[in-house]
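Worksheet: the structure to be examined is printed underneath.
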There are 2 protein chains.
Amino acid sequence: MLLAASRCLRRGLRCDGAMRRHASGQAASSYAKLTDADFAFFRSILSENDVITDASALEQYNVDWMKKYEGKSKLALRPRTTQQVSQILKHCNERKLPVVPQGGNTGLVGGSVAVNDEVVLSLSGMDKILAFDEFSGTVTCQAGAVLQAVQEKAESFGYTFPLDLGAKGSCQIGGNVATNAGGLRFLRYGSLHGTVLGIEAVLADGTIIDNLNTLKKDNTGYDVKQLFIGSEGTLGVITGVAIALPKLPNSVQLAYLAVDSYAAVLDVFREAKGHLAEILSAVEFLDDQALDLTLTHLHGARNPLEGRAPFYMLIEVSGSNEEHDSAKLTGFLEHVMESGMVTDGTLAADSTQMAGVWRIREGISEALSKAGAVYKYDISLPLPQLYQLVEDMRARLADEQANVVAFGHIGDGNLHLNISTPAKSQQVFDKIEPWVFEWTREKRGSVSAEHGVGTMKPQYLHMSKSGETIALMKQLKAVMDPNGILNPYKVLPA
Amino acid sequence: MLLAASRCLRRGLRCDGAMRRHASGQAASSYAKLTDADFAFFRSILSENDVITDASALEQYNVDWMKKYEGKSKLALRPRTTQQVSQILKHCNERKLPVVPQGGNTGLVGGSVAVNDEVVLSLSGMDKILAFDEFSGTVTCQAGAVLQAVQEKAESFGYTFPLDLGAKGSCQIGGNVATNAGGLRFLRYGSLHGTVLGIEAVLADGTIIDNLNTLKKDNTGYDVKQLFIGSEGTLGVITGVAIALPKLPNSVQLAYLAVDSYAAVLDVFREAKGHLAEILSAVEFLDDQALDLTLTHLHGARNPLEGRAPFYMLIEVSGSNEEHDSAKLTGFLEHVMESGMVTDGTLAADSTQMAGVWRIREGISEALSKAGAVYKYDISLPLPQLYQLVEDMRARLADEQANVVAFGHIGDGNLHLNISTPAKSQQVFDKIEPWVFEWTREKRGSVSAEHGVGTMKPQYLHMSKSGETIALMKQLKAVMDPNGILNPYKVLPA
């Protein structure tokens with residue numbers, strides 16, 4: 001899908017995008033164009049440096065980090081205060097100027113760059129950590145605070161941040177919350193819908209919704225902040241976030257296991273939850289096709305075990321007492337080895353070995369990109385059916401030169417399904433889509449587990465959401481952004 | 001507030017309630033009255049037994065469990081399927097017949113009985129557990145399933161339910177979710193906004209929003225199910241819930257500590273989070289005034305310690321390994337005793353002792369009711385300011401015959417503040433309200449931490465939510481329930 005959708009998108013951009021009706025139903029022609037008066041207004045409220053019009057300076061705002069999505073914005077604005085965000089949106093709403101809110105621009109579905117020439121509203125100028133409460137374990141920050149900076153602040157107080165991502169050095173808290181980022185700590189700390197305590201957001205008309213409190217409990221009316229989590233900037237622009245922080249673990253340990261069947265993968269997962277319970281922090285899996293590809297294409301990767309098996313699992317524990325965690329992990333490993341669920345396994349002896357094992361799991365995407373063309377899918381499925389999709393896909397592509405490779409966050413029911421081909425193949429692609437989405441829909445799965453919708457997937461939304469649900473989403477959009485100025489062409493289908 | 005609001009409410013009911021304009025802005029006169037044709041329609045879709053019109057049979061639907069709120073409904077309906085709920089609401093919406101959805105009727109703020117003569121829509125006929133996935137640890141049930149039944153089902157598979165309440169024998173999952181219930185396991189397992197995976201709900205016009213999946217990750221568009229969590233049946237009627245289950249702990253242990261100051265309470269809490277981290281399952285506190293009252297008025301209550309102190313804390317741990325948990329708890333206790341944060345303490349030796357200690361904490365409400373009149377407040381505050389409210393209240397009431405008693409879920413920042421007087425006193429009441437809410441607003445607290453709004457608190461909503469947020473709530477209500485038929489007069493202020 002990565003390559004395919006990219007191709008479609010670029011086709012879209014090459015044809016007369018400005019006049020087309022886009023996925024979300026807004027015609028680009030219904031928007032106004034920037035005038036000198038608009039530039040003058042923005043310069044009257046922002047400093048000169050924060051009104052960016054120079055073509056080369058605009059490039060970083062117009063192109064996403066993968067260089068896959070490219071907008072044609074003529075203007076990027078970098079407000080420093082919530083009041084400025086409010087003034088900007090009020091103006092754009094009255095003038096019907098479309099706006100794309102932008103955080104660290106690290107998304108995977110083209111949600112944070114313009115489709116046409118929308119005004120880029122960058123939150124990068126609002127990067128302050130506003131408050132830290134060490135008793136209750138909460139941090140409050142502006143939306144543009146970089147994840148890693150907030151993580152480091154939390155760690156300096158003995159807390160950890162409930163979210164961790166590969167992009168942590170550049171992604172921003174506001175963008176994380178707007179896209180409901182999942183990441184590596186999801187199994188342990190859960191969804192941002194549970195951990196975010198407060199949000200300050202600005203509606204399309206400039207209204208500031210100040211919900212930036214740090215209360216863990218508050219049952220006074222509708223929890224409107226939830227609407228902004230995962231709506232990808234289409235319902236409002238998040239300007240501040242307060243979040244609950246778990247304690248920083250003192251000890252982290254990692255096991256790598258070989259398993260003979262997918263049924264055994266589920267058994268091991270169940271036993272891990274039983275034996276490791278409150279210290280379990282990651283349960284990942286990959287199949288032998290994924291390992292094979294990684295050992296072939298990834299520089300420096302080596303098999304952590306001597307032999308091979310159909311499946312491998314990474315089981316990570318983290319807790320407050322190394323000795324206790326070790327005892328639990330050892331007990332678990334003895335149990336799953338003796339019972340035959342696991343055929344071989346190793347415990348990373350130190351942080352170097354741990355990094356080597358994680359390198360296998362985290363390097364699969366890189367290996368895939370070196371192996372040729374790749375069609376990537378980010379699917380949620382009920383665990384018992386999860387690997388059936390991989391096997392059905394293999395059967396479907398049996399006559400093709402296609403390597404079906406699977407890995408993912410088994411603990412979260414999140415499958416990363418990849419079809420690797422020597423070169424792009426329309427024939428293979430036509431066998432994959434829309435079949436893969438239909439299969440997912442039939443099992444009540446999700447066609448986007450963690451990456452979101454952006455510009456890439458509005459046309460597939462109906463595969464995971466009912467018509468009634470999509471109609472309700474459109475009603476919410478209409479009431480919160482009646483002129484459709486916020487991140488147009490994204491998330492909602494036509 | 002309990003007595004005072006009750007008084008106001010009863011005054012409201014006694015005067016001509018049918019023609020008054022209520023808090024949420026709907027005039028009762030704008031609704032239709034039930035006709036023979038309506039009864040005939042309901043009998044055409046439900047069995048005879050599920051169309052309840054007999055006065056004595058209606059009583060249980062018209063009076064809440066505290067016997068504090070009383071409606072005048074002439075009709076209660078008990079659908080068995082989501083389709084029937086949809087047909088009922090479609091009919092009521094077209095006819096402008098107001099409806100009050102009702103679960104176990106165990107709420108504290110009058111949310112689940114009629115204010116006037118609304119039709120009661122009882123979910124008690126929809127009590128099936130629909131599915132249990134033992135690999136991913138999820139359960140799916142109809143809204144009317146009783147909490148305790150679902151807990152027992154979960155425990156039979158080695159899981160626990162992330163919510164526990166005193167009312168578990170009669171409260172229903174749908175009602176728990178509709179009111180965003182907090183309860184005893186909140187500190188450990190967090191909010192229902194994080195643990196609920198899927199919701200099926202019916203909108204006012206009968207549209208079924210089927211979001212009843214068990215996926216842990218799903219980033220396909222707006223998370224509309226969040227709107228139903230905590231909206232107390234005013235945006236839609238929840239008919240089904242899917243929820244993630246944590247593993248059942250093998251070991252539960254409890255310590256009871258005496259502490260010299262509120263600053264030390266916070267220190268102990270911070271140390272508990274550090275030492276006990278992933279096994280911490282409850283951190284409760286009470287002040288000496290609360291203990292004194294309990295020892296005086298609660299039959300069979302005895303002081304777990306020999307002496308007295310200004311504050312007491314209950315620290316509960318639960319985990320997968322009793323020996324490890326014991327070692328951690330002992331280490332923590334040695335640390336807080338040696339450092340002087342804690343002046344005395346005891347570890348419950350068995351489940352009987354544990355029940356005795358919990359009896360102190362859980363019996364305070366009963367003791368208060370025996371001591372005379374009581375004004376009760378359920379407040380969330382940032383931890384550093386939490387007890388200041390109690391001290392300021394004592395100073396304010398210094399000249400009154402009033403005993404200010406405080407306890408609560410310190411781990412969640414949730415204070416239960418009680419003013420006990422020998423008899424009802426308007427003078428004391430006038431010194432408390434609205435001062436207590438203004439104080440709370442100033443510290444960005446919540447005037448309803450866990451009990452919700454119902455009919456009791458719409459007029460106080462603005463103390464915890466900004467005008468802009470309340471305006472947005474009203475917009476959401478207008479778009480999802482344009483005729484205002486769902487649970488009228490509740491949650492939203494005029």
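Chain labels follow the order of the structure tokens: the first chain is A, the next B, and so on; residue numbering restarts at 1 in every chain, and ligands are counted from 1 in their shown order.
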
*asked:* Set the distance at 7 Å and use only C-alpha atoms: which residues neighbour range 428-440 of chain B once local chain neighbours fewer than 5 positions away are removed? I'd like the list as a PyMOL selection string.
replied: chain B and resi 400+445-447+463

Only all heavy atoms, please: the residues just picked out, written as a PDB file, in the first residue's frame.
ATOM      1  N   GLU B 400     -18.995  27.708  63.884  1.00  0.00           N
ATOM      2  CA  GLU B 400     -20.209  26.893  63.746  1.00  0.00           C
ATOM      3  C   GLU B 400     -20.036  25.573  64.481  1.00  0.00           C
ATOM      4  O   GLU B 400     -18.922  25.106  64.707  1.00  0.00           O
ATOM      5  CB  GLU B 400     -20.495  26.592  62.261  1.00  0.00           C
ATOM      6  CG  GLU B 400     -20.579  27.814  61.384  1.00  0.00           C
ATOM      7  CD  GLU B 400     -21.818  28.660  61.691  1.00  0.00           C
ATOM      8  OE1 GLU B 400     -22.805  28.101  62.223  1.00  0.00           O
ATOM      9  OE2 GLU B 400     -21.789  29.878  61.416  1.00  0.00           O
ATOM     10  N   GLY B 445      -9.893  22.536  39.954  1.00  0.00           N
ATOM     11  CA  GLY B 445     -10.356  21.217  40.369  1.00  0.00           C
ATOM     12  C   GLY B 445     -11.660  20.844  39.685  1.00  0.00           C
ATOM     13  O   GLY B 445     -12.145  21.559  38.804  1.00  0.00           O
ATOM     14  N   SER B 446     -12.217  19.730  40.086  1.00  0.00           N
ATOM     15  CA  SER B 446     -13.491  19.274  39.535  1.00  0.00           C
ATOM     16  C   SER B 446     -14.526  19.174  40.648  1.00  0.00           C
ATOM     17  O   SER B 446     -14.257  18.594  41.699  1.00  0.00           O
ATOM     18  CB  SER B 446     -13.333  17.905  38.866  1.00  0.00           C
ATOM     19  OG  SER B 446     -14.606  17.362  38.562  1.00  0.00           O
ATOM     20  N   VAL B 447     -15.714  19.709  40.403  1.00  0.00           N
ATOM     21  CA  VAL B 447     -16.785  19.644  41.407  1.00  0.00           C
ATOM     22  C   VAL B 447     -17.483  18.294  41.405  1.00  0.00           C
ATOM     23  O   VAL B 447     -18.321  18.014  42.262  1.00  0.00           O
ATOM     24  CB  VAL B 447     -17.833  20.766  41.224  1.00  0.00           C
ATOM     25  CG1 VAL B 447     -17.176  22.140  41.372  1.00  0.00           C
ATOM     26  CG2 VAL B 447     -18.559  20.650  39.884  1.00  0.00           C
ATOM     27  N   MET B 463     -18.450  25.622  37.164  1.00  0.00           N
ATOM     28  CA  MET B 463     -17.359  25.756  38.121  1.00  0.00           C
ATOM     29  C   MET B 463     -16.144  24.913  37.696  1.00  0.00           C
ATOM     30  O   MET B 463     -15.039  25.132  38.173  1.00  0.00           O
ATOM     31  CB  MET B 463     -17.810  25.295  39.511  1.00  0.00           C
ATOM     32  CG  MET B 463     -18.948  26.108  40.076  1.00  0.00           C
ATOM     33  SD  MET B 463     -18.374  27.710  40.663  1.00  0.00           S
ATOM     34  CE  MET B 463     -19.850  28.324  41.484  1.00  0.00           C
TER      35      MET B 463
END

*Using the chain letters and numbers from this document, which residues of range 325-414 of chain A does DSSP assign to strand (DSSP E or B), as a list in words?*
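The strand (DSSP E or B) subset of range 325-414 of chain A is Val342, Thr343, Asp344, Gly345, Thr346, Leu347, Ala373, Val374, Tyr375, Lys376, Tyr377, Asp378, Ile379, Ser380, Asn403, Val404, Val405, Ala406, Phe407, Gly408, His409 and Asn414 of chain A.
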
Mind checking which residues fall within 10 Å of Ala76 in chain A, counting only C-alpha atoms, ignoring those fewer than 4 positions away in the same chain, and posting them as a compact mmCIF listing (two decimals) with N, CA, C and O atoms, in the first residue's frame?
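Output saved as out_8.txt:
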# COMPACT_ATOMS: atom_id res chain seq x y z
N ASP A 50 8.40 34.42 12.07
CA ASP A 50 7.39 33.37 12.24
C ASP A 50 6.33 33.38 11.13
O ASP A 50 5.36 32.62 11.18
N VAL A 51 6.52 34.25 10.15
CA VAL A 51 5.66 34.26 8.95
C VAL A 51 6.57 33.85 7.80
O VAL A 51 7.36 34.65 7.29
N ILE A 52 6.49 32.57 7.44
CA ILE A 52 7.50 32.01 6.54
C ILE A 52 6.94 31.93 5.12
O ILE A 52 5.93 31.25 4.88
N THR A 53 7.57 32.64 4.21
CA THR A 53 7.08 32.70 2.82
C THR A 53 8.18 32.36 1.82
O THR A 53 7.89 32.12 0.65
N ASP A 54 9.40 32.35 2.29
CA ASP A 54 10.53 32.08 1.39
C ASP A 54 10.49 30.62 0.91
O ASP A 54 10.31 29.70 1.71
N ALA A 57 12.84 28.13 2.61
CA ALA A 57 12.48 27.94 4.01
C ALA A 57 11.17 27.15 4.15
O ALA A 57 10.95 26.43 5.12
N LEU A 58 10.31 27.26 3.14
CA LEU A 58 9.02 26.55 3.18
C LEU A 58 9.18 25.05 2.96
O LEU A 58 8.28 24.28 3.30
N GLU A 59 10.31 24.65 2.36
CA GLU A 59 10.43 23.25 1.94
C GLU A 59 10.23 22.28 3.10
O GLU A 59 9.53 21.28 2.96
N GLN A 60 10.81 22.57 4.24
CA GLN A 60 10.66 21.64 5.38
C GLN A 60 9.22 21.52 5.84
O GLN A 60 8.85 20.53 6.47
N TYR A 61 8.39 22.54 5.56
CA TYR A 61 6.98 22.47 5.93
C TYR A 61 6.13 21.80 4.86
O TYR A 61 5.02 21.37 5.11
N ASN A 62 6.67 21.74 3.64
CA ASN A 62 5.90 21.22 2.50
C ASN A 62 6.15 19.75 2.21
O ASN A 62 5.37 19.13 1.49
N VAL A 99 -6.22 25.30 6.39
CA VAL A 99 -5.06 25.27 7.29
C VAL A 99 -4.66 23.82 7.54
O VAL A 99 -5.51 22.97 7.80
N VAL A 100 -3.37 23.53 7.50
CA VAL A 100 -2.89 22.21 7.91
C VAL A 100 -2.03 22.35 9.16
O VAL A 100 -0.95 22.95 9.12
N PRO A 101 -2.52 21.87 10.30
CA PRO A 101 -1.70 21.92 11.53
C PRO A 101 -0.53 20.95 11.38
O PRO A 101 -0.70 19.85 10.86
N GLN A 102 0.63 21.36 11.84
CA GLN A 102 1.81 20.52 11.66
C GLN A 102 2.63 20.45 12.95
O GLN A 102 2.97 21.46 13.54
N GLU A 118 -2.70 24.73 1.26
CA GLU A 118 -3.17 25.14 2.58
C GLU A 118 -2.07 25.89 3.36
O GLU A 118 -0.87 25.65 3.15
N VAL A 119 -2.50 26.77 4.25
CA VAL A 119 -1.56 27.45 5.14
C VAL A 119 -1.06 26.43 6.17
O VAL A 119 -1.86 25.74 6.80
N VAL A 120 0.25 26.33 6.33
CA VAL A 120 0.81 25.44 7.36
C VAL A 120 0.83 26.18 8.70
O VAL A 120 1.35 27.29 8.79
N LEU A 121 0.22 25.56 9.70
CA LEU A 121 0.24 26.12 11.06
C LEU A 121 1.17 25.23 11.87
O LEU A 121 0.77 24.16 12.35
N SER A 122 2.42 25.66 12.00
CA SER A 122 3.41 24.84 12.70
C SER A 122 3.37 25.12 14.20
O SER A 122 3.36 26.28 14.62

_Neighbour list for Cys141 in chain B as JSON, numbers by chain, cut-off 8 Å, only C-alpha atoms, skip fewer than 3 positions in-chain_ = {"B": [127, 128, 129, 130, 131, 145, 240, 241, 242]}

*With a distance cut-off of 9 Å and only C-alpha atoms, select the neighbouring residues of Lys465 in chain A, excluding the residue or stretch itself and same-chain residues fewer than 5 positions from it, and output the selection as a ChimeraX atom specification.*
/A:441,446,470 /B:210-211,220-221

Mind dumping the selected residues with N, CA and C atoms as a PDB file, in the first residue's frame?
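Output (again_5.pdb):
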ATOM      1  N   ARG A 441     -12.119  -6.418   7.209  1.00  0.00           N
ATOM      2  CA  ARG A 441     -13.457  -5.986   7.591  1.00  0.00           C
ATOM      3  C   ARG A 441     -14.298  -7.166   8.088  1.00  0.00           C
ATOM      4  N   SER A 446      -9.144  -3.626  12.005  1.00  0.00           N
ATOM      5  CA  SER A 446      -8.936  -2.228  11.647  1.00  0.00           C
ATOM      6  C   SER A 446      -7.904  -2.134  10.532  1.00  0.00           C
ATOM      7  N   ILE A 470     -19.456   6.676  10.213  1.00  0.00           N
ATOM      8  CA  ILE A 470     -18.841   7.700   9.351  1.00  0.00           C
ATOM      9  C   ILE A 470     -19.782   8.903   9.215  1.00  0.00           C
TER      10      ILE A 470
ATOM     11  N   ASP B 210     -22.484   0.913  15.616  1.00  0.00           N
ATOM     12  CA  ASP B 210     -21.890  -0.378  15.977  1.00  0.00           C
ATOM     13  C   ASP B 210     -20.369  -0.266  15.983  1.00  0.00           C
ATOM     14  N   ASN B 211     -19.852  -0.118  17.161  1.00  0.00           N
ATOM     15  CA  ASN B 211     -18.415   0.055  17.337  1.00  0.00           C
ATOM     16  C   ASN B 211     -17.950  -1.003  18.337  1.00  0.00           C
ATOM     17  N   THR B 220      -8.715   4.435  12.874  1.00  0.00           N
ATOM     18  CA  THR B 220      -9.451   4.791  11.662  1.00  0.00           C
ATOM     19  C   THR B 220     -10.505   5.836  12.002  1.00  0.00           C
ATOM     20  N   GLY B 221     -10.088   7.070  12.040  1.00  0.00           N
ATOM     21  CA  GLY B 221     -11.037   8.174  12.236  1.00  0.00           C
ATOM     22  C   GLY B 221     -11.348   8.461  13.686  1.00  0.00           C
TER      23      GLY B 221
END

_When you count only C-alpha atoms, which of these residues is closest to Asp378 in chain B: B:Gly340, B:Pro246, B:Gly452, B:Pro422?_
B:Gly452

*Just asking: which residues within range 316-348 of chain B are helix (DSSP H, G or I) according to DSSP, as a VMD selection string?*
chain B and resid 322 to 338

Would you mind exporting the chosen residues as a compact mmCIF listing (two decimals), in the first residue's frame, restricted to all heavy atoms?
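The resulting file, part-v3.txt, is shown below:
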# COMPACT_ATOMS: atom_id res chain seq x y z
N GLU B 322 3.37 -13.49 45.58
CA GLU B 322 3.17 -13.03 46.96
C GLU B 322 4.49 -12.70 47.65
O GLU B 322 4.61 -11.69 48.36
CB GLU B 322 2.42 -14.11 47.75
CG GLU B 322 2.04 -13.64 49.14
CD GLU B 322 1.17 -14.66 49.89
OE1 GLU B 322 0.83 -15.70 49.29
OE2 GLU B 322 0.87 -14.40 51.06
N GLU B 323 5.48 -13.55 47.42
CA GLU B 323 6.77 -13.38 48.09
C GLU B 323 7.44 -12.06 47.64
O GLU B 323 7.94 -11.28 48.46
CB GLU B 323 7.65 -14.58 47.72
CG GLU B 323 8.87 -14.77 48.57
CD GLU B 323 9.73 -15.91 47.99
OE1 GLU B 323 9.14 -16.93 47.54
OE2 GLU B 323 10.95 -15.75 47.98
N HIS B 324 7.42 -11.84 46.33
CA HIS B 324 8.00 -10.60 45.81
C HIS B 324 7.26 -9.37 46.34
O HIS B 324 7.86 -8.39 46.73
CB HIS B 324 7.94 -10.58 44.28
CG HIS B 324 8.82 -11.60 43.64
ND1 HIS B 324 8.76 -11.89 42.30
CD2 HIS B 324 9.77 -12.41 44.14
CE1 HIS B 324 9.63 -12.83 42.00
NE2 HIS B 324 10.27 -13.17 43.11
N ASP B 325 5.92 -9.48 46.35
CA ASP B 325 5.12 -8.33 46.79
C ASP B 325 5.37 -8.03 48.26
O ASP B 325 5.49 -6.87 48.67
CB ASP B 325 3.62 -8.59 46.54
CG ASP B 325 3.30 -8.75 45.06
OD1 ASP B 325 4.22 -8.62 44.23
OD2 ASP B 325 2.13 -9.03 44.74
N SER B 326 5.48 -9.11 49.05
CA SER B 326 5.79 -8.95 50.48
C SER B 326 7.12 -8.25 50.68
O SER B 326 7.24 -7.34 51.51
CB SER B 326 5.91 -10.32 51.15
OG SER B 326 4.68 -10.71 51.66
N ALA B 327 8.12 -8.70 49.93
CA ALA B 327 9.45 -8.11 50.08
C ALA B 327 9.42 -6.63 49.74
O ALA B 327 9.99 -5.79 50.44
CB ALA B 327 10.45 -8.84 49.18
N LYS B 328 8.71 -6.29 48.68
CA LYS B 328 8.64 -4.87 48.28
C LYS B 328 7.90 -4.06 49.34
O LYS B 328 8.33 -2.97 49.72
CB LYS B 328 7.89 -4.73 46.95
CG LYS B 328 8.67 -5.20 45.72
CD LYS B 328 7.94 -4.82 44.44
CE LYS B 328 8.68 -5.29 43.20
NZ LYS B 328 8.36 -6.64 42.77
N LEU B 329 6.80 -4.60 49.83
CA LEU B 329 5.99 -3.87 50.80
C LEU B 329 6.77 -3.69 52.10
O LEU B 329 6.79 -2.59 52.69
CB LEU B 329 4.67 -4.61 51.05
CG LEU B 329 3.63 -3.92 51.93
CD1 LEU B 329 3.31 -2.51 51.42
CD2 LEU B 329 2.36 -4.75 52.03
N THR B 330 7.48 -4.74 52.53
CA THR B 330 8.29 -4.64 53.76
C THR B 330 9.39 -3.60 53.59
O THR B 330 9.63 -2.77 54.47
CB THR B 330 8.91 -6.02 54.08
OG1 THR B 330 7.85 -6.98 54.12
CG2 THR B 330 9.62 -6.00 55.41
N GLY B 331 10.05 -3.64 52.44
CA GLY B 331 11.11 -2.66 52.16
C GLY B 331 10.57 -1.23 52.22
O GLY B 331 11.18 -0.33 52.80
N PHE B 332 9.42 -1.04 51.62
CA PHE B 332 8.78 0.28 51.62
C PHE B 332 8.46 0.72 53.05
O PHE B 332 8.76 1.85 53.45
CB PHE B 332 7.50 0.23 50.78
CG PHE B 332 6.52 1.32 51.07
CD1 PHE B 332 6.76 2.63 50.66
CD2 PHE B 332 5.34 1.05 51.77
CE1 PHE B 332 5.85 3.64 50.94
CE2 PHE B 332 4.43 2.06 52.05
CZ PHE B 332 4.69 3.36 51.64
N LEU B 333 7.89 -0.21 53.83
CA LEU B 333 7.49 0.14 55.20
C LEU B 333 8.70 0.49 56.05
O LEU B 333 8.69 1.47 56.81
CB LEU B 333 6.68 -1.00 55.83
CG LEU B 333 5.30 -1.22 55.22
CD1 LEU B 333 4.63 -2.47 55.81
CD2 LEU B 333 4.40 0.00 55.43
N GLU B 334 9.77 -0.29 55.91
CA GLU B 334 10.99 0.02 56.67
C GLU B 334 11.49 1.41 56.31
O GLU B 334 11.85 2.20 57.17
CB GLU B 334 12.07 -1.03 56.37
CG GLU B 334 11.84 -2.32 57.16
CD GLU B 334 12.72 -3.48 56.69
OE1 GLU B 334 13.56 -3.26 55.79
OE2 GLU B 334 12.54 -4.59 57.22
N HIS B 335 11.47 1.71 55.02
CA HIS B 335 11.97 3.01 54.56
C HIS B 335 11.14 4.17 55.14
O HIS B 335 11.70 5.13 55.68
CB HIS B 335 11.96 3.06 53.03
CG HIS B 335 12.24 4.41 52.49
ND1 HIS B 335 13.48 5.01 52.58
CD2 HIS B 335 11.44 5.30 51.84
CE1 HIS B 335 13.44 6.21 52.01
NE2 HIS B 335 12.21 6.41 51.57
N VAL B 336 9.82 4.07 55.06
CA VAL B 336 9.00 5.21 55.51
C VAL B 336 8.96 5.32 57.04
O VAL B 336 8.77 6.41 57.57
CB VAL B 336 7.56 5.19 54.92
CG1 VAL B 336 7.61 5.47 53.42
CG2 VAL B 336 6.82 3.90 55.22
N MET B 337 9.14 4.18 57.73
CA MET B 337 9.20 4.25 59.19
C MET B 337 10.54 4.85 59.62
O MET B 337 10.59 5.77 60.44
CB MET B 337 9.06 2.86 59.82
CG MET B 337 7.77 2.11 59.51
SD MET B 337 6.29 2.69 60.36
CE MET B 337 6.56 2.02 62.00
N GLU B 338 11.62 4.33 59.04
CA GLU B 338 12.96 4.80 59.44
C GLU B 338 13.15 6.29 59.14
O GLU B 338 13.78 7.02 59.88
CB GLU B 338 14.05 3.99 58.73
CG GLU B 338 14.34 2.69 59.47
CD GLU B 338 15.16 1.72 58.62
OE1 GLU B 338 15.79 2.17 57.65
OE2 GLU B 338 15.13 0.51 58.94

*Write out as a PyMOL selection string which residues come within 7 Å of range 261-269 of chain B when counting only C-alpha atoms, dropping same-chain ones fewer than 4 positions away.*
(chain A and resi 135) or (chain B and resi 273+310-311+336+341+387)

*asked:* So that I can check the surroundings of Asp344 in chain A, please list as an MDAnalysis selection string every protein, DNA and RNA residue that reaches within 8 Å of it, counting only C-alpha atoms and ignoring chain neighbours fewer than 4 positions away.
replied: chainID A and resid 257:259 305 337

Export of the given selection (N, CA and C atoms) as a CSV table (one decimal), in the first residue's frame:
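Output contents, as saved in result_4.csv:
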chain,number,residue,atom,x,y,z
A,257,LEU,N,12.6,-15.9,21.9
A,257,LEU,CA,12.1,-17.3,21.9
A,257,LEU,C,11.8,-17.8,20.5
A,258,ALA,N,12.1,-19.1,20.2
A,258,ALA,CA,11.6,-19.7,19.0
A,258,ALA,C,10.4,-20.6,19.3
A,259,VAL,N,9.4,-20.5,18.4
A,259,VAL,CA,8.1,-21.1,18.6
A,259,VAL,C,7.7,-21.8,17.3
A,305,LEU,N,19.6,-17.1,17.9
A,305,LEU,CA,19.6,-18.5,18.2
A,305,LEU,C,20.4,-19.2,17.2
A,337,MET,N,9.5,-23.6,28.2
A,337,MET,CA,10.5,-24.5,27.6
A,337,MET,C,10.1,-25.9,27.9

*asked:* Calculated over only C-alpha atoms, which of the candidates A:Phe407, A:Tyr375, A:Tyr256, A:Phe228 has the smallest distance to chain B?
replied: A:Phe228

_Distance in Å - CA of Tyr222 in chain A versus CA of Ser464 in chain B_ = 11.8 Å

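With only C-alpha atoms as the atoms that count, the minimum distance from Ala355 in chain B to the choices B:Leu184, B:Leu192, B:Ala301, B:Met393 is reached by B:Ala301.
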